[in-house]
Every structure is written in structure tokens, then in C-alpha cells.
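Asker: One file: my_file38.cif (mmCIF, C-alpha atoms, pLDDT in the B column; chains and numbers go by the auth columns).
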data_my_file
#
loop_
_atom_site.group_PDB
_atom_site.id
_atom_site.type_symbol
_atom_site.label_atom_id
_atom_site.label_comp_id
_atom_site.label_asym_id
_atom_site.label_seq_id
_atom_site.Cartn_x
_atom_site.Cartn_y
_atom_site.Cartn_z
_atom_site.B_iso_or_equiv
_atom_site.auth_seq_id
_atom_site.auth_asym_id
ATOM 1 C CA MET A 1 -41.783 -55.878 -58.249 54.00 3 P
ATOM 2 C CA ARG A 2 -42.199 -54.298 -54.862 47.00 4 P
ATOM 3 C CA ARG A 3 -43.376 -50.726 -54.580 44.00 5 P
ATOM 4 C CA ARG A 4 -42.035 -48.249 -52.062 43.00 6 P
ATOM 5 C CA SER A 5 -44.735 -47.746 -49.452 42.00 7 P
ATOM 6 C CA GLY A 6 -43.053 -45.649 -46.811 45.00 8 P
ATOM 7 C CA ASN A 7 -41.579 -48.813 -45.307 48.00 9 P
ATOM 8 C CA ALA A 8 -37.802 -48.975 -45.831 50.00 10 P
ATOM 9 C CA SER A 9 -37.975 -52.740 -46.328 57.00 11 P
ATOM 10 C CA ALA A 10 -40.641 -52.435 -49.029 67.00 12 P
ATOM 11 C CA GLY A 11 -37.982 -52.473 -51.739 77.00 13 P
ATOM 12 C CA PRO A 12 -37.003 -50.070 -54.479 89.00 14 P
ATOM 13 C CA ASP A 13 -39.364 -47.632 -56.140 92.00 15 P
ATOM 14 C CA GLU A 14 -40.771 -49.102 -59.352 93.00 16 P
ATOM 15 C CA GLU A 15 -40.323 -45.901 -61.367 96.00 17 P
ATOM 16 C CA GLU A 16 -36.700 -45.584 -60.241 96.00 18 P
ATOM 17 C CA VAL A 17 -36.058 -49.193 -61.276 96.00 19 P
ATOM 18 C CA ARG A 18 -37.630 -48.567 -64.690 96.00 20 P
ATOM 19 C CA LYS A 19 -35.507 -45.432 -65.142 97.00 21 P
ATOM 20 C CA CYS A 20 -32.280 -47.249 -64.224 96.00 22 P
ATOM 21 C CA ILE A 21 -33.038 -50.193 -66.506 96.00 23 P
ATOM 22 C CA ARG A 22 -33.855 -47.841 -69.395 97.00 24 P
ATOM 23 C CA GLY A 23 -30.533 -46.101 -68.799 97.00 25 P
ATOM 24 C CA ILE A 24 -28.655 -49.393 -68.935 97.00 26 P
ATOM 25 C CA LEU A 25 -30.509 -50.484 -72.096 96.00 27 P
ATOM 26 C CA GLN A 26 -29.727 -47.157 -73.786 97.00 28 P
ATOM 27 C CA SER A 27 -26.060 -47.116 -72.727 96.00 29 P
ATOM 28 C CA GLY A 28 -24.738 -48.283 -76.097 95.00 30 P
ATOM 29 C CA GLN A 29 -22.503 -50.935 -74.556 96.00 31 P
ATOM 30 C CA ARG A 30 -21.619 -54.298 -76.075 96.00 32 P
ATOM 31 C CA ALA A 31 -24.280 -56.940 -75.423 96.00 33 P
ATOM 32 C CA ILE A 32 -22.250 -58.750 -72.745 97.00 34 P
ATOM 33 C CA ASP A 33 -21.520 -55.567 -70.788 98.00 35 P
ATOM 34 C CA LEU A 34 -25.114 -54.449 -70.998 97.00 36 P
ATOM 35 C CA ALA A 35 -26.375 -57.877 -69.896 98.00 37 P
ATOM 36 C CA LEU A 36 -23.953 -57.929 -66.963 98.00 38 P
ATOM 37 C CA ASP A 37 -24.994 -54.428 -65.894 98.00 39 P
ATOM 38 C CA LEU A 38 -28.661 -55.485 -66.009 96.00 40 P
ATOM 39 C CA CYS A 39 -27.872 -58.626 -64.041 97.00 41 P
ATOM 40 C CA LEU A 40 -25.824 -56.867 -61.379 98.00 42 P
ATOM 41 C CA TYR A 41 -28.331 -54.033 -61.034 97.00 43 P
ATOM 42 C CA VAL A 42 -31.203 -56.448 -60.355 96.00 44 P
ATOM 43 C CA MET A 43 -29.084 -58.471 -57.921 96.00 45 P
ATOM 44 C CA ARG A 44 -27.856 -55.501 -55.876 96.00 46 P
ATOM 45 C CA THR A 45 -31.065 -53.486 -55.948 95.00 47 P
ATOM 46 C CA GLN A 46 -33.099 -56.457 -54.701 93.00 48 P
ATOM 47 C CA VAL A 47 -35.948 -55.589 -57.041 91.00 49 P
ATOM 48 C CA PHE A 48 -38.021 -58.583 -55.949 90.00 50 P
ATOM 49 C CA ALA A 49 -38.928 -59.977 -52.548 89.00 51 P
ATOM 50 C CA ASP A 50 -37.127 -63.249 -53.332 92.00 52 P
ATOM 51 C CA GLY A 51 -35.086 -64.854 -56.104 93.00 53 P
ATOM 52 C CA ASN A 52 -33.156 -61.775 -57.222 95.00 54 P
ATOM 53 C CA LYS A 53 -29.982 -63.640 -58.261 95.00 55 P
ATOM 54 C CA ARG A 54 -31.934 -66.269 -60.206 95.00 56 P
ATOM 55 C CA THR A 55 -34.164 -63.680 -61.836 96.00 57 P
ATOM 56 C CA ALA A 56 -31.191 -61.476 -62.704 97.00 58 P
ATOM 57 C CA MET A 57 -29.374 -64.367 -64.379 97.00 59 P
ATOM 58 C CA ILE A 58 -32.497 -65.291 -66.360 97.00 60 P
ATOM 59 C CA TYR A 59 -32.918 -61.648 -67.401 95.00 61 P
ATOM 60 C CA ALA A 60 -29.280 -61.384 -68.535 97.00 62 P
ATOM 61 C CA ASN A 61 -29.474 -64.726 -70.343 97.00 63 P
ATOM 62 C CA HIS A 62 -32.650 -63.738 -72.142 97.00 64 P
ATOM 63 C CA TYR A 63 -30.899 -60.593 -73.345 96.00 65 P
ATOM 64 C CA LEU A 64 -27.762 -62.458 -74.472 97.00 66 P
ATOM 65 C CA ILE A 65 -29.506 -65.415 -76.105 97.00 67 P
ATOM 66 C CA ALA A 66 -31.919 -63.161 -78.011 96.00 68 P
ATOM 67 C CA ARG A 67 -28.875 -61.454 -79.538 95.00 69 P
ATOM 68 C CA GLY A 68 -26.919 -64.627 -80.268 95.00 70 P
ATOM 69 C CA GLN A 69 -24.296 -63.685 -77.683 96.00 71 P
ATOM 70 C CA GLY A 70 -24.173 -66.877 -75.616 97.00 72 P
ATOM 71 C CA TYR A 71 -25.266 -67.202 -72.002 97.00 73 P
ATOM 72 C CA LEU A 72 -24.124 -66.860 -68.375 97.00 74 P
ATOM 73 C CA GLY A 73 -23.753 -69.749 -65.972 96.00 75 P
ATOM 74 C CA VAL A 74 -21.630 -70.000 -62.847 97.00 76 P
ATOM 75 C CA PRO A 75 -19.635 -73.254 -63.024 97.00 77 P
ATOM 76 C CA ARG A 76 -19.885 -75.356 -59.871 97.00 78 P
ATOM 77 C CA GLY A 77 -16.181 -74.893 -59.094 98.00 79 P
ATOM 78 C CA GLN A 78 -16.524 -71.095 -59.326 98.00 80 P
ATOM 79 C CA ILE A 79 -19.500 -70.688 -56.972 97.00 81 P
ATOM 80 C CA PRO A 80 -17.396 -69.754 -53.889 98.00 82 P
ATOM 81 C CA ALA A 81 -15.435 -67.175 -55.910 98.00 83 P
ATOM 82 C CA PHE A 82 -18.667 -65.833 -57.415 98.00 84 P
ATOM 83 C CA HIS A 83 -20.131 -65.347 -53.938 97.00 85 P
ATOM 84 C CA ARG A 84 -16.982 -63.533 -52.750 98.00 86 P
ATOM 85 C CA HIS A 85 -17.100 -61.177 -55.734 98.00 87 P
ATOM 86 C CA LEU A 86 -20.825 -60.673 -55.270 97.00 88 P
ATOM 87 C CA VAL A 87 -20.463 -59.742 -51.591 97.00 89 P
ATOM 88 C CA ARG A 88 -17.737 -57.219 -52.482 98.00 90 P
ATOM 89 C CA TYR A 89 -20.011 -55.771 -55.152 98.00 91 P
ATOM 90 C CA TYR A 90 -22.987 -55.586 -52.756 96.00 92 P
ATOM 91 C CA GLU A 91 -20.849 -53.790 -50.181 97.00 93 P
ATOM 92 C CA SER A 92 -19.010 -51.387 -52.484 97.00 94 P
ATOM 93 C CA GLY A 93 -21.183 -50.937 -55.570 96.00 95 P
ATOM 94 C CA GLU A 94 -18.001 -51.319 -57.635 97.00 96 P
ATOM 95 C CA LYS A 95 -18.839 -53.693 -60.459 97.00 97 P
ATOM 96 C CA GLU A 96 -15.716 -53.896 -62.627 97.00 98 P
ATOM 97 C CA GLU A 97 -14.151 -56.775 -60.651 98.00 99 P
ATOM 98 C CA ILE A 98 -17.261 -58.959 -60.716 98.00 100 P
ATOM 99 C CA LYS A 99 -17.883 -58.116 -64.376 98.00 101 P
ATOM 100 C CA ALA A 100 -14.376 -59.261 -65.264 98.00 102 P
ATOM 101 C CA PHE A 101 -14.922 -62.460 -63.263 98.00 103 P
ATOM 102 C CA LEU A 102 -18.277 -63.157 -64.940 98.00 104 P
ATOM 103 C CA LYS A 103 -16.845 -62.562 -68.414 97.00 105 P
ATOM 104 C CA ARG A 104 -13.869 -64.818 -67.785 97.00 106 P
ATOM 105 C CA TYR A 105 -15.487 -67.733 -65.937 98.00 107 P
ATOM 106 C CA CYS A 106 -19.242 -67.567 -66.524 97.00 108 P
ATOM 107 C CA TRP A 107 -19.889 -66.269 -70.032 98.00 109 P
ATOM 108 C CA ARG A 108 -20.263 -68.979 -72.641 96.00 110 P
ATOM 109 C CA ARG A 109 -19.948 -67.261 -75.979 91.00 111 P
ATOM 110 C CA ARG A 110 -21.948 -68.476 -78.899 71.00 112 P
ATOM 111 C CA ALA A 111 -19.955 -71.093 -80.809 52.00 113 P
#
If you convert what's in this file into C-alpha cells, what do you get?
Answerer:
Amino acid sequence: MRRRSGNASAGPDEEEVRKCIRGILQSGQRAIDLALDLCLYVMRTQVFADGNKRTAMIYANHYLIARGQGYLGVPRGQIPAFHRHLVRYYESGEKEEIKAFLKRYCWRRRA
């Protein structure tokens, strides 16, 4: 994780990231909603210098799988739509549309 060092491109402040993640984890949401909020937070905040989308998906999947709640995976045919939703989320911060998309097309519930 990058630390804020006075340079605007240094990334988010580690303590702020920890605080936000704790807030999400303590939100009392269903596992899928919590996992999606964690995933989207890491993606949009750009917590790491590289690989934020991959890391965010791994993080969300770890959370879901550990709770027997399935996993997330963007099907090949949905990648363009996923990117459109993601850009809108990055620009607006509004996550309900992308969450609905991810639940409908990308969440594979435990059988």
C-alpha cells in the first residue's frame, strides 16, 4: 500500500484506507454487498500502485469464499459492459448501478 508523502500521486493515506475498510467490514450488510463494497472501494481508491482491479476482485472473492457465498468473475461477454459501469462509478462515485450489474452477471452463488 502506498503512503501519502506530500505528493498527490503517492496514493491514499494508509490510515484512511484502514478506517474505510473497517467501516465497510462493520456495516452489517449481507456478505455479497459487503464484498462488493470492499471490491469497489479498492478499485476506485487505487490503493496500490498497480493491479487494483485484480487485487480488489481477489479480496472480494476471498471474503465471499470464506463465507460460503460463491465468488465474483466477469464473464468474457460482459467485459465491455463491466468497463462501462466501472468508468461511470470511477467518475461519479455512485456504486448502486455497478453493484446491481456485478450481482446479476458476475456473482456465482454457492450451489
Asker: Can you work out which one of P:Gly25, P:Pro82, P:Tyr107, P:Pro14 has the shortest atom-to-atom distance to Ala51 of chain P, counting all atoms listed in the file?
Answerer: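 Closest candidate: P:Pro14.
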Asker: Which residue out of P:Tyr65, P:Tyr43, P:Tyr73, P:Tyr92 has the minimum interatomic distance to Arg111 of chain P when all atoms listed in the file are used?
Answerer: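 The closest residue to Arg111 of chain P is P:Tyr73.
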Asker: Give me the residues near Gln80 of chain P as JSON, numbers by chain, where near means some atom within 10 Å (using all atoms listed in the file) and where sequence neighbours in that chain fewer than 6 positions away do not count.
Answerer: {"P": [103, 104, 107, 108]}
Asker: With the file shown as input, list the residues that the PyMOL selection byres ((chain P and resi 95-102) around 9) selects, as a compact mmCIF listing (two decimals) with C-alpha atoms, keeping the file's coordinate frame.
Answerer:
# COMPACT_ATOMS: atom_id res chain seq x y z
CA ASP P 35 -21.52 -55.57 -70.79
CA LEU P 38 -23.95 -57.93 -66.96
CA ASP P 39 -24.99 -54.43 -65.89
CA LEU P 42 -25.82 -56.87 -61.38
CA ARG P 46 -27.86 -55.50 -55.88
CA PHE P 84 -18.67 -65.83 -57.42
CA HIS P 87 -17.10 -61.18 -55.73
CA LEU P 88 -20.82 -60.67 -55.27
CA ARG P 90 -17.74 -57.22 -52.48
CA TYR P 91 -20.01 -55.77 -55.15
CA TYR P 92 -22.99 -55.59 -52.76
CA GLU P 93 -20.85 -53.79 -50.18
CA SER P 94 -19.01 -51.39 -52.48
CA PHE P 103 -14.92 -62.46 -63.26
CA LEU P 104 -18.28 -63.16 -64.94
CA LYS P 105 -16.84 -62.56 -68.41
CA ARG P 106 -13.87 -64.82 -67.78
CA TYR P 107 -15.49 -67.73 -65.94
Asker: Quick one, how far is atom CA of Phe50 of chain P from atom CA of His85 of chain P?
Answerer: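 A separation of 19.2 Å between them.
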Asker: Using all atoms listed in the file, collect all residues at a distance of at most 10 Å from (-29.6, -64.1, -56.2) as written in the file, then present them as a PyMOL selection string.
Answerer: chain P and resi 41-42+44-46+48+52-59+85+88
Asker: Record the distance separating atom CA of Glu17 of chain P and atom CA of Ile67 of chain P, expressed in Å with one decimal.
Answerer: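 Spanning atom CA of Glu17 of chain P to atom CA of Ile67 of chain P is a straight-line distance of 26.7 Å.
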Asker: What gap, in Å, lies between atom CA of Tyr61 of chain P and atom CA of Asp15 of chain P?
Answerer: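 Separation of atom CA of Tyr61 of chain P and atom CA of Asp15 of chain P: 19.1 Å.
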Asker: Kindly indicate which residue among P:Arg86, P:Arg32, P:Arg20, P:Arg69 lies nearest to Val49 of chain P, using all atoms listed in the file for the distances.
Answerer: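 Between P:Arg86, P:Arg32, P:Arg20, P:Arg69, the residue approaching Val49 of chain P most closely is P:Arg20.
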Asker: Pick from P:Ile23, P:Gly13, P:Gly72, P:Ala37: nearest to Trp109 of chain P, with all atoms listed in the file counted?
Answerer: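 Checking each of P:Ile23, P:Gly13, P:Gly72, P:Ala37 against Trp109 of chain P, counting all atoms listed in the file, the winner is P:Gly72.
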Asker: Using only C-alpha atoms, which of the listed residues (P:Val19, P:Ile26, P:Ile81, P:Ala33) sits closest to Asn63 of chain P?
Answerer: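 Closest to Asn63 of chain P of all the choices is P:Ala33.
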Asker: Around segment 37-51 of chain P, fit a box with edges along x, y and z, padding it by 6 Å on each side, then list its centre and edge lengths in Å to one decimal as lines of an AutoDock Vina configuration file.
Answerer:
center_x = -31.4
center_y = -56.7
center_z = -61.2
size_x = 27.0
size_y = 18.5
size_z = 29.3
